Structure formats: structure tokens, C-alpha cells
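For reference, the structure discussed in these notes is given below.
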There are 2 protein chains.
Amino acid sequence: MPGATMVKRHLNDLRGCFADTAAYEAALAAGNPLLYSVGAVEPADGEGDLHYGVGLLMPGKIGNEYWMTKGHLHSWRPAAEFYFGLTGEGVMLLEDEATGENRIVPLRPNGVVYVPGRTAHRTMNVGNTPLTYLGVYPAKAGHDYSTIARKNFRCIVVERDGKPVMIERPS
Amino acid sequence: MPGATMVKRHLNDLRGCFADTAAYEAALAAGNPLLYSVGAVEPADGEGDLHYGVGLLMPGKIGNEYWMTKGHLHSWRPAAEFYFGLTGEGVMLLEDEATGENRIVPLRPNGVVYVPGRTAHRTMNVGNTPLTYLGVYPAKAGHDYSTIARKNFRCIVVERDGKPVMIERPS
């Protein structure tokens with residue numbers, strides 16, 4: 001994607017995200033694979049401008065949790081985000097910041113996921129092939145990773161009988 | 001696309017858009033085909049929300065001008081729009097409202113066209129197959145069709161030796 005700033009996240013960047021810490025440490029001891037990369041384009045920063053990016057999330061699991069992105073809120077909380085699936089089979093985990101409600105929605109080729117404002121969002125690859133997707137958001141959205149890094153999502157998504165299922169995070 | 005409001009535009013809705021009025025009247029006398037349809041989704045209308053749509057523009061020509069959309073400015077002029085090509089071969093005509101400068105950019109599968117604010121934009125199908133594309137824009141953008149309906153774009157796009165070429169609109 002022309003003009004994109006690339007960010008790459010390896011397994012060691014995801015410390016604290018996976019519930020199964022023993023499986024995480026075992027995987028990290030065996031290697032530090034690239035989990036995902038995001039190319040972001042910021043054409044302009046005016047009030048009505050938009051930024052956009054393409055995400056590439058590889059398939060894999062830690063224990064029975066799918067490889068995932070760190071997840072984020074927008075620094076400007078009212079900012080929504082438009083996701084559009086390009087390839088592969090994904091799931092997005094959405095957490096309403098006000099109510100704490102969690103829900104999952106499929107992210108599939110030619111399918112839209114609309115993430116409302118004030119909603120933490122994380123992407124998971126639940127298939128066996130690379131997941132690629134578009135994201136479009138207001139230029140002034142900004143990314144707040146620290147809130148999720150501190151308290152994580154309330155739920156996790158695990159594979160049960162070959163399918164993604166959302167459950168409460170084990171305490 | 002779930003929840004979409006559909007708009008359909010036939011040839012008779014495009015009166016005044018094509019430079020070759022004789023060819024337009026002759027085509028209209030022979031029939032009134034569907035030129036394009038747009039499905040728009042408006043999930044919410046808050047300050048940070050986004051609206052989006054999918055356009056389907058059929059292939060065809062009036063004289064040597066490609067079938068096109070009416071084109072529009074955003075009512076809230078600072079609003080940009082993100083276009084993403086899905087299928088077919090398109091061109092977008094962009095006119096800077098302040099300077100009157102016109103330019104064309106290709107709209108191709110998996111390619112992005114970023115339309116800045118204060119820029120009139122029109123889509124043309126320059127191929128032989130249906131052109132489909134995504135558009136994402138701030139919820140408060142709004143559509144101003146009347147400015148273009150009154151003064152049109154300064155340039156037109158015609159086929160020359162099988163390729164789209166932008167020229168000044170004949171007076």
C-alpha cells in the first residue's frame with residue numbers, strides 16, 4: 001500500500017494478551033514468530049479527514065486461543081472504525097467501554113464490521129490462512145493501547161470443536 | 001449489504017451530465033438502462049461515526065464518454081471519502097472546488113482512492129465489466145448533488161485509442 005507506515009508485532013509483543021500464560025511462555029521459548037503487521041496511511045489530518053490501514057494477521061494458536069492483535073480503543077473515544085474483510089477467516093472481539101459487554105462478530109471476505117465509538121476492538125484469525133482486512137477511521141481517532149494493556153478484554157475467544165467460542169477470561 | 005438503502009440511477013437521471021447531448025438523446029430514445037446503483041449504510045450519526053456504501057456502475061458509453069455517476073460534493077465540505085475498488089476497471093474524476101483543478105485517478109480492485117475534502121468526485125466505468133467499489137465517509141458528510149448539477153465538472157473523460165483521457169468540456 002503506497003505511503004503506508006508499517007508496524008510489525010511478534011509473539012513477544014503480545015505478552016499479557018493470552019490467558020494461557022504457560023502455553024505463551026512455551027511458545028515463546030520455541031521462537032518469536034511474526035503474528036501480524038499493519039500498514040497505516042494518513043493522507044491528511046484535517047477535521048473531516050480519514051486514515052486507513054491494511055492488517056495482515058497470520059493463523060496460529062497459543063493453547064486454544066487464536067493469534068490476535070493487541071486491540072485498542074480510540075484516544076478520541078467517539079471515533080468509530082469501519083472494517084472490511086479481504087481474505088481469510090477472522091473474528092472481532094468488541095468490548096463496550098461503558099458497560100463492559102463483550103461480543104464477537106465474524107470478519108470475512110467482502111464483509112463489513114462496524115465498530116462503534118467507545119468500543120475496544122481486537123482481531124483474531126480463526127482460520128488456517130492469512131487474514132487480511134481494511135480499517136478506515138476518522139483522522140483524529142488516535143490509538144489508545146494502554147487501557148487494554150492494563151486491564152485486557154473481559155472475554156477470550158477459544159477454539160471449541162473447531163469453532164471460535166467466546167468465554168469469560170479465566171481468573 | 002445488510003441494512004443498506006438502495007438508490008438506482010437510470011440514463012434519464014443523468015440528463016446534463018454527458019457533453020454529447022445528441023448521443024445522449026439518441027441513447028435515451030432507444031431505452032433507459034440502469035447505469036448504477038448505490039447501497040448506503042448509516043449505522044449511527046454521532047460525531048465520530050462513519051457511513052459507507054457499495055456502488056455498482058455498469059459498463060457503457062454515450063458517444064465516447066464512459067457511463068458515470070452524477071458526482072457530488074459533501075455538504076460538510078471538509079469531509080473526505082475513502083474509495084476502495086472491488087471489481088472492474090474505473091476512473092475517478094476529482095475537481096478541487098477552490099481551484100477548479102481537475103484530475104483523474106484509477107479505481108481498481110484492491111486499490112484505494114482518497115478523495116480529500118472540498119473535492120467534487122465522479123466515478124466512471126472505463127472497462128467492459130461491472131465496476132464495484134466501497135466508499136467510506138464521515139457520518140456528517142452529507143451529499144451535495146446540486147452544485148454539480150448546476151455547473152458540472154470542468155472536464156470530461158473520453159475514450160481515445162481504447163484508453164480514458166481527460167479533456168476540457170467542449171463549450
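Just so we're on the same page: first chain in the C-alpha cells is A, next is B, and so on; residues restart at 1 for each chain, and ligands are numbered from 1 in the order they show up.
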* To do: Can you pull out every residue within 7 Å of segment 88-92 of chain B, counting only C-alpha atoms, but drop anything in the same chain fewer than 5 positions away, and send it as a PyMOL selection string?
  => chain B and resi 104-109+121-127+129-132
Store the residues picked out above in a file with all heavy atoms, as a compact mmCIF listing (two decimals), in the first residue's frame.
```
# COMPACT_ATOMS: atom_id res chain seq x y z
N ILE B 104 -7.69 12.89 -12.87
CA ILE B 104 -8.30 11.55 -12.86
C ILE B 104 -7.35 10.58 -12.18
O ILE B 104 -6.12 10.71 -12.29
CB ILE B 104 -8.68 11.03 -14.27
CG1 ILE B 104 -7.50 11.11 -15.24
CG2 ILE B 104 -9.87 11.80 -14.81
CD1 ILE B 104 -7.81 10.45 -16.60
N VAL B 105 -7.94 9.62 -11.47
CA VAL B 105 -7.16 8.58 -10.80
C VAL B 105 -7.84 7.24 -11.05
O VAL B 105 -9.08 7.17 -11.08
CB VAL B 105 -7.03 8.84 -9.28
CG1 VAL B 105 -6.04 9.95 -8.99
CG2 VAL B 105 -8.37 9.16 -8.66
N PRO B 106 -7.06 6.19 -11.24
CA PRO B 106 -7.65 4.87 -11.48
C PRO B 106 -8.31 4.30 -10.22
O PRO B 106 -7.82 4.52 -9.10
CB PRO B 106 -6.47 4.01 -11.92
CG PRO B 106 -5.26 4.70 -11.40
CD PRO B 106 -5.59 6.16 -11.29
N LEU B 107 -9.40 3.59 -10.41
CA LEU B 107 -10.08 2.88 -9.31
C LEU B 107 -10.11 1.41 -9.70
O LEU B 107 -10.88 1.01 -10.56
CB LEU B 107 -11.50 3.43 -9.12
CG LEU B 107 -12.35 2.78 -8.03
CD1 LEU B 107 -11.73 2.98 -6.66
CD2 LEU B 107 -13.78 3.33 -8.06
N ARG B 108 -9.22 0.64 -9.08
CA ARG B 108 -9.01 -0.75 -9.48
C ARG B 108 -9.20 -1.68 -8.29
O ARG B 108 -9.09 -1.25 -7.15
CB ARG B 108 -7.59 -0.92 -10.03
CG ARG B 108 -7.32 -0.06 -11.26
CD ARG B 108 -6.07 -0.56 -11.98
NE ARG B 108 -5.81 0.28 -13.15
CZ ARG B 108 -4.80 1.18 -13.25
NH1 ARG B 108 -3.96 1.34 -12.25
NH2 ARG B 108 -4.65 1.89 -14.35
N PRO B 109 -9.42 -2.97 -8.55
CA PRO B 109 -9.59 -3.92 -7.44
C PRO B 109 -8.43 -3.85 -6.46
O PRO B 109 -7.27 -3.84 -6.86
CB PRO B 109 -9.63 -5.28 -8.16
CG PRO B 109 -10.19 -4.96 -9.52
CD PRO B 109 -9.62 -3.62 -9.87
N HIS B 121 -16.41 14.67 -6.75
CA HIS B 121 -15.91 13.40 -7.25
C HIS B 121 -17.00 12.65 -8.01
O HIS B 121 -18.16 12.63 -7.63
CB HIS B 121 -15.33 12.54 -6.14
CG HIS B 121 -16.10 12.51 -4.85
ND1 HIS B 121 -16.21 13.60 -4.02
CD2 HIS B 121 -16.79 11.52 -4.25
CE1 HIS B 121 -16.93 13.28 -2.96
NE2 HIS B 121 -17.31 12.03 -3.08
N ARG B 122 -16.57 12.06 -9.11
CA ARG B 122 -17.45 11.32 -10.02
C ARG B 122 -16.71 10.05 -10.42
O ARG B 122 -15.50 10.07 -10.61
CB ARG B 122 -17.74 12.19 -11.24
CG ARG B 122 -18.28 11.48 -12.46
CD ARG B 122 -18.61 12.46 -13.56
NE ARG B 122 -19.89 13.13 -13.27
CZ ARG B 122 -20.35 14.19 -13.95
NH1 ARG B 122 -19.64 14.70 -14.93
NH2 ARG B 122 -21.53 14.71 -13.65
N THR B 123 -17.46 8.96 -10.54
CA THR B 123 -16.87 7.68 -10.89
C THR B 123 -17.28 7.28 -12.30
O THR B 123 -18.44 7.50 -12.69
CB THR B 123 -17.33 6.60 -9.89
OG1 THR B 123 -17.07 7.07 -8.56
CG2 THR B 123 -16.61 5.29 -10.09
N MET B 124 -16.36 6.73 -13.07
CA MET B 124 -16.65 6.23 -14.41
C MET B 124 -16.21 4.79 -14.54
O MET B 124 -15.17 4.42 -14.00
CB MET B 124 -15.93 7.07 -15.47
CG MET B 124 -16.63 8.38 -15.76
SD MET B 124 -15.45 9.69 -16.10
CE MET B 124 -14.76 9.88 -14.45
N ASN B 125 -16.99 4.00 -15.27
CA ASN B 125 -16.58 2.64 -15.59
C ASN B 125 -15.88 2.68 -16.94
O ASN B 125 -16.52 2.95 -17.96
CB ASN B 125 -17.81 1.71 -15.63
CG ASN B 125 -17.41 0.26 -15.83
OD1 ASN B 125 -16.36 -0.05 -16.39
ND2 ASN B 125 -18.27 -0.65 -15.38
N VAL B 126 -14.59 2.42 -16.96
CA VAL B 126 -13.82 2.50 -18.21
C VAL B 126 -13.47 1.11 -18.74
O VAL B 126 -12.64 0.98 -19.63
CB VAL B 126 -12.53 3.35 -18.03
CG1 VAL B 126 -12.91 4.77 -17.59
CG2 VAL B 126 -11.58 2.72 -17.02
N GLY B 127 -14.11 0.09 -18.18
CA GLY B 127 -13.86 -1.28 -18.62
C GLY B 127 -15.09 -1.87 -19.29
O GLY B 127 -16.00 -1.15 -19.71
N THR B 129 -16.73 -4.65 -17.83
CA THR B 129 -17.42 -5.46 -16.83
C THR B 129 -17.96 -4.52 -15.75
O THR B 129 -17.53 -3.37 -15.66
CB THR B 129 -16.45 -6.47 -16.20
OG1 THR B 129 -15.35 -5.75 -15.62
CG2 THR B 129 -15.91 -7.45 -17.24
N PRO B 130 -18.89 -5.00 -14.94
CA PRO B 130 -19.41 -4.14 -13.87
C PRO B 130 -18.29 -3.65 -12.94
O PRO B 130 -17.40 -4.42 -12.56
CB PRO B 130 -20.39 -5.05 -13.13
CG PRO B 130 -20.82 -6.05 -14.16
CD PRO B 130 -19.59 -6.30 -14.99
N LEU B 131 -18.35 -2.39 -12.59
CA LEU B 131 -17.41 -1.79 -11.64
C LEU B 131 -18.09 -1.76 -10.28
O LEU B 131 -19.19 -1.22 -10.15
CB LEU B 131 -17.07 -0.37 -12.08
CG LEU B 131 -16.21 0.46 -11.12
CD1 LEU B 131 -14.76 -0.03 -11.15
CD2 LEU B 131 -16.26 1.94 -11.47
N THR B 132 -17.45 -2.33 -9.28
CA THR B 132 -17.99 -2.24 -7.92
C THR B 132 -16.91 -1.68 -7.00
O THR B 132 -15.73 -1.93 -7.19
CB THR B 132 -18.50 -3.59 -7.38
OG1 THR B 132 -17.44 -4.53 -7.37
CG2 THR B 132 -19.64 -4.13 -8.24
```
Quiz item: Contacts of Gly39 of chain A at 6 Å or less, counting only C-alpha atoms, minus same-chain residues fewer than 3 places along, as a VMD selection string?
Solution: chain A and resid 4 to 6 53 to 54
_as a PyMOL selection string, please: every residue in segment 2-82 of chain B that DSSP puts in alpha helix (DSSP H)._
chain B and resi 21-30
For the selection you just gave me, I'd like the residues written to a file as a PDB file, in the first residue's frame, keeping all heavy atoms.
```pdb
ATOM      1  N   THR B  21     -24.739  15.800 -26.186  1.00  0.00           N
ATOM      2  CA  THR B  21     -26.184  15.759 -25.905  1.00  0.00           C
ATOM      3  C   THR B  21     -26.954  15.028 -27.003  1.00  0.00           C
ATOM      4  O   THR B  21     -27.973  14.402 -26.724  1.00  0.00           O
ATOM      5  CB  THR B  21     -26.747  17.190 -25.734  1.00  0.00           C
ATOM      6  OG1 THR B  21     -26.372  17.979 -26.867  1.00  0.00           O
ATOM      7  CG2 THR B  21     -26.206  17.838 -24.468  1.00  0.00           C
ATOM      8  N   ALA B  22     -26.450  15.091 -28.229  1.00  0.00           N
ATOM      9  CA  ALA B  22     -27.121  14.367 -29.321  1.00  0.00           C
ATOM     10  C   ALA B  22     -27.035  12.862 -29.074  1.00  0.00           C
ATOM     11  O   ALA B  22     -28.032  12.138 -29.222  1.00  0.00           O
ATOM     12  CB  ALA B  22     -26.490  14.728 -30.662  1.00  0.00           C
ATOM     13  N   ALA B  23     -25.850  12.398 -28.683  1.00  0.00           N
ATOM     14  CA  ALA B  23     -25.683  10.970 -28.396  1.00  0.00           C
ATOM     15  C   ALA B  23     -26.533  10.561 -27.193  1.00  0.00           C
ATOM     16  O   ALA B  23     -27.097   9.465 -27.156  1.00  0.00           O
ATOM     17  CB  ALA B  23     -24.207  10.654 -28.131  1.00  0.00           C
ATOM     18  N   TYR B  24     -26.624  11.459 -26.206  1.00  0.00           N
ATOM     19  CA  TYR B  24     -27.445  11.181 -25.022  1.00  0.00           C
ATOM     20  C   TYR B  24     -28.911  11.015 -25.418  1.00  0.00           C
ATOM     21  O   TYR B  24     -29.571  10.040 -25.016  1.00  0.00           O
ATOM     22  CB  TYR B  24     -27.283  12.305 -23.991  1.00  0.00           C
ATOM     23  CG  TYR B  24     -28.173  12.144 -22.783  1.00  0.00           C
ATOM     24  CD1 TYR B  24     -27.835  11.261 -21.758  1.00  0.00           C
ATOM     25  CD2 TYR B  24     -29.364  12.871 -22.667  1.00  0.00           C
ATOM     26  CE1 TYR B  24     -28.662  11.107 -20.653  1.00  0.00           C
ATOM     27  CE2 TYR B  24     -30.188  12.716 -21.562  1.00  0.00           C
ATOM     28  CZ  TYR B  24     -29.842  11.835 -20.552  1.00  0.00           C
ATOM     29  OH  TYR B  24     -30.657  11.679 -19.461  1.00  0.00           O
ATOM     30  N   GLU B  25     -29.436  11.936 -26.212  1.00  0.00           N
ATOM     31  CA  GLU B  25     -30.854  11.871 -26.599  1.00  0.00           C
ATOM     32  C   GLU B  25     -31.124  10.636 -27.459  1.00  0.00           C
ATOM     33  O   GLU B  25     -32.170   9.997 -27.322  1.00  0.00           O
ATOM     34  CB  GLU B  25     -31.268  13.142 -27.335  1.00  0.00           C
ATOM     35  CG  GLU B  25     -31.197  14.419 -26.491  1.00  0.00           C
ATOM     36  CD  GLU B  25     -32.068  14.393 -25.221  1.00  0.00           C
ATOM     37  OE1 GLU B  25     -32.994  13.559 -25.127  1.00  0.00           O
ATOM     38  OE2 GLU B  25     -31.792  15.196 -24.303  1.00  0.00           O
ATOM     39  N   ALA B  26     -30.165  10.302 -28.316  1.00  0.00           N
ATOM     40  CA  ALA B  26     -30.334   9.115 -29.168  1.00  0.00           C
ATOM     41  C   ALA B  26     -30.365   7.846 -28.315  1.00  0.00           C
ATOM     42  O   ALA B  26     -31.197   6.953 -28.534  1.00  0.00           O
ATOM     43  CB  ALA B  26     -29.197   9.039 -30.187  1.00  0.00           C
ATOM     44  N   ALA B  27     -29.490   7.798 -27.319  1.00  0.00           N
ATOM     45  CA  ALA B  27     -29.448   6.614 -26.444  1.00  0.00           C
ATOM     46  C   ALA B  27     -30.733   6.503 -25.640  1.00  0.00           C
ATOM     47  O   ALA B  27     -31.302   5.415 -25.482  1.00  0.00           O
ATOM     48  CB  ALA B  27     -28.233   6.701 -25.512  1.00  0.00           C
ATOM     49  N   LEU B  28     -31.216   7.655 -25.174  1.00  0.00           N
ATOM     50  CA  LEU B  28     -32.418   7.660 -24.341  1.00  0.00           C
ATOM     51  C   LEU B  28     -33.654   7.285 -25.166  1.00  0.00           C
ATOM     52  O   LEU B  28     -34.586   6.642 -24.650  1.00  0.00           O
ATOM     53  CB  LEU B  28     -32.588   9.038 -23.703  1.00  0.00           C
ATOM     54  CG  LEU B  28     -33.515   9.141 -22.497  1.00  0.00           C
ATOM     55  CD1 LEU B  28     -33.118   8.166 -21.398  1.00  0.00           C
ATOM     56  CD2 LEU B  28     -33.507  10.569 -21.956  1.00  0.00           C
ATOM     57  N   ALA B  29     -33.643   7.670 -26.446  1.00  0.00           N
ATOM     58  CA  ALA B  29     -34.758   7.296 -27.326  1.00  0.00           C
ATOM     59  C   ALA B  29     -34.801   5.771 -27.515  1.00  0.00           C
ATOM     60  O   ALA B  29     -35.868   5.200 -27.744  1.00  0.00           O
ATOM     61  CB  ALA B  29     -34.603   7.998 -28.675  1.00  0.00           C
ATOM     62  N   ALA B  30     -33.641   5.139 -27.396  1.00  0.00           N
ATOM     63  CA  ALA B  30     -33.561   3.683 -27.618  1.00  0.00           C
ATOM     64  C   ALA B  30     -33.841   2.890 -26.349  1.00  0.00           C
ATOM     65  O   ALA B  30     -34.033   1.667 -26.409  1.00  0.00           O
ATOM     66  CB  ALA B  30     -32.178   3.324 -28.164  1.00  0.00           C
TER      67      ALA B  30
END
```
Go through segment 120-171 of chain B residue by residue and, counting only C-alpha atoms, keep those with an atom at most 10 Å from segment 45-48 of chain A; for each kept residue give the shortest atom pair and its distance in Å to one decimal, ordered by chain and increasing number, as a tab-separated table.
```
residue	atom	partner	partner_atom	distance
B:Tyr137	CA	A:Gly48	CA	8.6
B:Pro138	CA	A:Gly48	CA	6.8
B:Ala139	CA	A:Gly48	CA	9.9
B:Lys140	CA	A:Gly48	CA	9.0
B:Ala141	CA	A:Gly48	CA	8.0
```
Skip segment 146-152 of chain A itself and residues of its chain fewer than 6 positions away, then list as a list in words all residues within 7 Å of it, counting only C-alpha atoms.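 My reading of the contact set: Cys17, Gly71 and His72 of chain A.
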* Residues of chain A near chain B: apply a cut-off of 12 Å, count only C-alpha atoms, and supply the list as a ChimeraX atom specification. => /A:1-4,41-54,74-87,109-118,132-142
Output chain B, superimposed onto chain A using in-order Cα pairs, as a compact mmCIF listing (two decimals) with C-alpha atoms, in the first residue's frame:
```txt
# COMPACT_ATOMS: atom_id res chain seq x y z
CA MET B 1 0.00 0.00 -0.02
CA PRO B 2 1.71 3.23 -1.15
CA GLY B 3 2.65 5.66 1.59
CA ALA B 4 1.98 3.21 4.40
CA THR B 5 3.79 3.18 7.73
CA MET B 6 4.36 -0.46 8.70
CA VAL B 7 4.08 -1.87 12.21
CA LYS B 8 5.06 -5.48 12.91
CA ARG B 9 4.08 -7.39 16.05
CA HIS B 10 5.85 -10.57 17.07
CA LEU B 11 4.81 -13.01 19.76
CA ASN B 12 6.91 -11.24 22.40
CA ASP B 13 4.97 -8.00 21.78
CA LEU B 14 1.75 -9.76 22.87
CA ARG B 15 2.83 -10.54 26.44
CA GLY B 16 -0.20 -10.39 28.72
CA CYS B 17 -2.77 -10.82 25.96
CA PHE B 18 -3.20 -14.59 26.09
CA ALA B 19 -4.93 -16.21 29.07
CA ASP B 20 -2.85 -19.39 28.97
CA THR B 21 0.44 -17.97 30.19
CA ALA B 22 2.14 -21.37 30.36
CA ALA B 23 1.35 -22.01 26.70
CA TYR B 24 2.52 -18.48 25.86
CA GLU B 25 5.89 -18.95 27.59
CA ALA B 26 6.35 -22.37 25.98
CA ALA B 27 5.64 -20.94 22.53
CA LEU B 28 7.98 -18.02 23.11
CA ALA B 29 10.75 -20.37 24.26
CA ALA B 30 10.41 -22.15 20.90
CA GLY B 31 10.58 -18.99 18.80
CA ASN B 32 9.25 -15.50 18.28
CA PRO B 33 7.11 -15.56 15.13
CA LEU B 34 5.55 -12.58 13.42
CA LEU B 35 1.87 -12.54 14.38
CA TYR B 36 0.71 -9.54 12.44
CA SER B 37 1.61 -6.42 10.56
CA VAL B 38 -0.40 -3.28 9.91
CA GLY B 39 0.24 -0.75 7.18
CA ALA B 40 -1.33 2.61 8.01
CA VAL B 41 -1.85 5.56 5.67
CA GLU B 42 -2.53 9.07 6.97
CA PRO B 43 -3.25 11.22 3.91
CA ALA B 44 -4.22 14.32 5.89
CA ASP B 45 -5.14 15.37 9.42
CA GLY B 46 -7.99 17.82 8.96
CA GLU B 47 -11.29 17.64 10.80
CA GLY B 48 -13.10 15.67 8.08
CA ASP B 49 -10.14 13.53 7.03
CA LEU B 50 -9.80 9.78 7.28
CA HIS B 51 -6.91 7.45 8.00
CA TYR B 52 -6.85 3.86 6.87
CA GLY B 53 -4.81 0.71 7.07
CA VAL B 54 -4.46 -2.88 5.99
CA GLY B 55 -3.89 -5.60 8.56
CA LEU B 56 -2.30 -9.00 7.94
CA LEU B 57 -2.77 -11.46 10.81
CA MET B 58 -1.23 -14.91 10.48
CA PRO B 59 -3.00 -18.12 11.52
CA GLY B 60 -1.94 -19.80 14.75
CA LYS B 61 -2.89 -20.51 18.34
CA ILE B 62 -1.49 -20.26 21.84
CA GLY B 63 -3.07 -23.17 23.67
CA ASN B 64 -6.63 -22.96 22.36
CA GLU B 65 -6.64 -19.15 21.90
CA TYR B 66 -6.29 -17.81 18.40
CA TRP B 67 -3.50 -15.47 17.43
CA MET B 68 -4.81 -11.96 17.93
CA THR B 69 -3.98 -8.29 17.72
CA LYS B 70 -3.27 -6.28 20.87
CA GLY B 71 -6.57 -4.49 20.49
CA HIS B 72 -7.23 -0.85 21.13
CA LEU B 73 -9.64 1.92 21.96
CA HIS B 74 -9.53 5.20 20.10
CA SER B 75 -7.94 8.05 22.02
CA TRP B 76 -10.83 10.20 20.81
CA ARG B 77 -13.50 7.88 22.17
CA PRO B 78 -16.40 8.82 19.83
CA ALA B 79 -14.40 7.65 16.79
CA ALA B 80 -15.88 4.59 15.07
CA GLU B 81 -13.96 2.29 12.72
CA PHE B 82 -15.04 0.57 9.53
CA TYR B 83 -13.50 -2.88 8.98
CA PHE B 84 -13.74 -4.79 5.72
CA GLY B 85 -12.55 -8.38 5.30
CA LEU B 86 -10.30 -9.13 2.31
CA THR B 87 -9.01 -12.68 2.76
CA GLY B 88 -9.15 -15.41 5.38
CA GLU B 89 -11.47 -16.07 8.28
CA GLY B 90 -11.49 -13.71 11.24
CA VAL B 91 -13.43 -12.78 14.32
CA MET B 92 -13.50 -9.42 16.06
CA LEU B 93 -13.93 -9.13 19.80
CA LEU B 94 -15.71 -5.90 20.78
CA GLU B 95 -15.96 -4.56 24.32
CA ASP B 96 -18.25 -1.66 25.15
CA GLU B 97 -16.18 0.51 27.45
CA ALA B 98 -19.20 1.84 29.37
CA THR B 99 -20.99 -1.45 30.05
CA GLY B 100 -18.15 -3.97 29.77
CA GLU B 101 -20.30 -6.05 27.45
CA ASN B 102 -18.28 -8.29 25.11
CA ARG B 103 -19.42 -9.69 21.76
CA ILE B 104 -17.82 -11.37 18.76
CA VAL B 105 -18.58 -10.77 15.10
CA PRO B 106 -17.21 -12.58 12.04
CA LEU B 107 -14.75 -10.76 9.75
CA ARG B 108 -14.98 -12.41 6.35
CA PRO B 109 -14.03 -11.53 2.76
CA ASN B 110 -16.32 -8.76 1.47
CA GLY B 111 -17.98 -8.45 4.87
CA VAL B 112 -18.17 -5.29 6.97
CA VAL B 113 -17.69 -4.95 10.72
CA TYR B 114 -18.74 -1.57 12.09
CA VAL B 115 -17.00 -0.80 15.38
CA PRO B 116 -18.91 1.97 17.19
CA GLY B 117 -17.11 4.61 19.18
CA ARG B 118 -16.18 3.87 22.81
CA THR B 119 -15.61 0.22 21.90
CA ALA B 120 -12.37 -1.69 22.37
CA HIS B 121 -11.68 -3.97 19.41
CA ARG B 122 -9.35 -6.89 18.80
CA THR B 123 -9.00 -9.08 15.72
CA MET B 124 -8.38 -12.84 15.71
CA ASN B 125 -7.51 -15.18 12.88
CA VAL B 126 -9.76 -18.21 13.35
CA GLY B 127 -8.85 -19.90 10.07
CA ASN B 128 -5.83 -21.64 8.57
CA THR B 129 -4.77 -18.95 6.09
CA PRO B 130 -3.57 -15.36 6.44
CA LEU B 131 -6.33 -12.94 7.44
CA THR B 132 -6.21 -9.58 5.70
CA TYR B 133 -8.58 -6.67 6.24
CA LEU B 134 -9.06 -2.94 5.79
CA GLY B 135 -9.72 -0.45 8.55
CA VAL B 136 -10.93 3.14 8.00
CA TYR B 137 -11.32 5.67 10.83
CA PRO B 138 -11.53 9.41 11.45
CA ALA B 139 -8.09 11.07 11.22
CA LYS B 140 -8.37 12.33 14.76
CA ALA B 141 -9.26 8.91 16.27
CA GLY B 142 -5.80 8.12 17.64
CA HIS B 143 -4.89 4.76 19.18
CA ASP B 144 -5.10 4.02 22.89
CA TYR B 145 -3.34 0.68 23.49
CA SER B 146 -2.57 1.30 27.15
CA THR B 147 -6.10 0.83 28.53
CA ILE B 148 -6.28 -2.68 27.04
CA ALA B 149 -2.69 -3.45 28.04
CA ARG B 150 -3.65 -2.63 31.64
CA LYS B 151 -6.97 -4.42 32.02
CA ASN B 152 -7.31 -6.59 28.88
CA PHE B 153 -10.64 -7.67 27.38
CA ARG B 154 -13.09 -9.25 29.77
CA CYS B 155 -13.54 -12.27 27.50
CA ILE B 156 -11.32 -14.51 25.42
CA VAL B 157 -12.02 -16.44 22.23
CA VAL B 158 -11.04 -20.09 22.15
CA GLU B 159 -11.42 -22.96 19.72
CA ARG B 160 -14.06 -25.50 20.77
CA ASP B 161 -14.83 -28.36 18.36
CA GLY B 162 -13.11 -26.43 15.60
CA LYS B 163 -15.13 -23.24 16.13
CA PRO B 164 -14.45 -19.91 17.87
CA VAL B 165 -16.32 -19.50 21.14
CA MET B 166 -16.25 -16.49 23.45
CA ILE B 167 -15.87 -17.25 27.17
CA GLU B 168 -15.12 -15.26 30.32
CA ARG B 169 -11.39 -14.79 30.87
CA PRO B 170 -10.24 -17.33 33.47
CA SER B 171 -9.25 -15.58 36.70
```
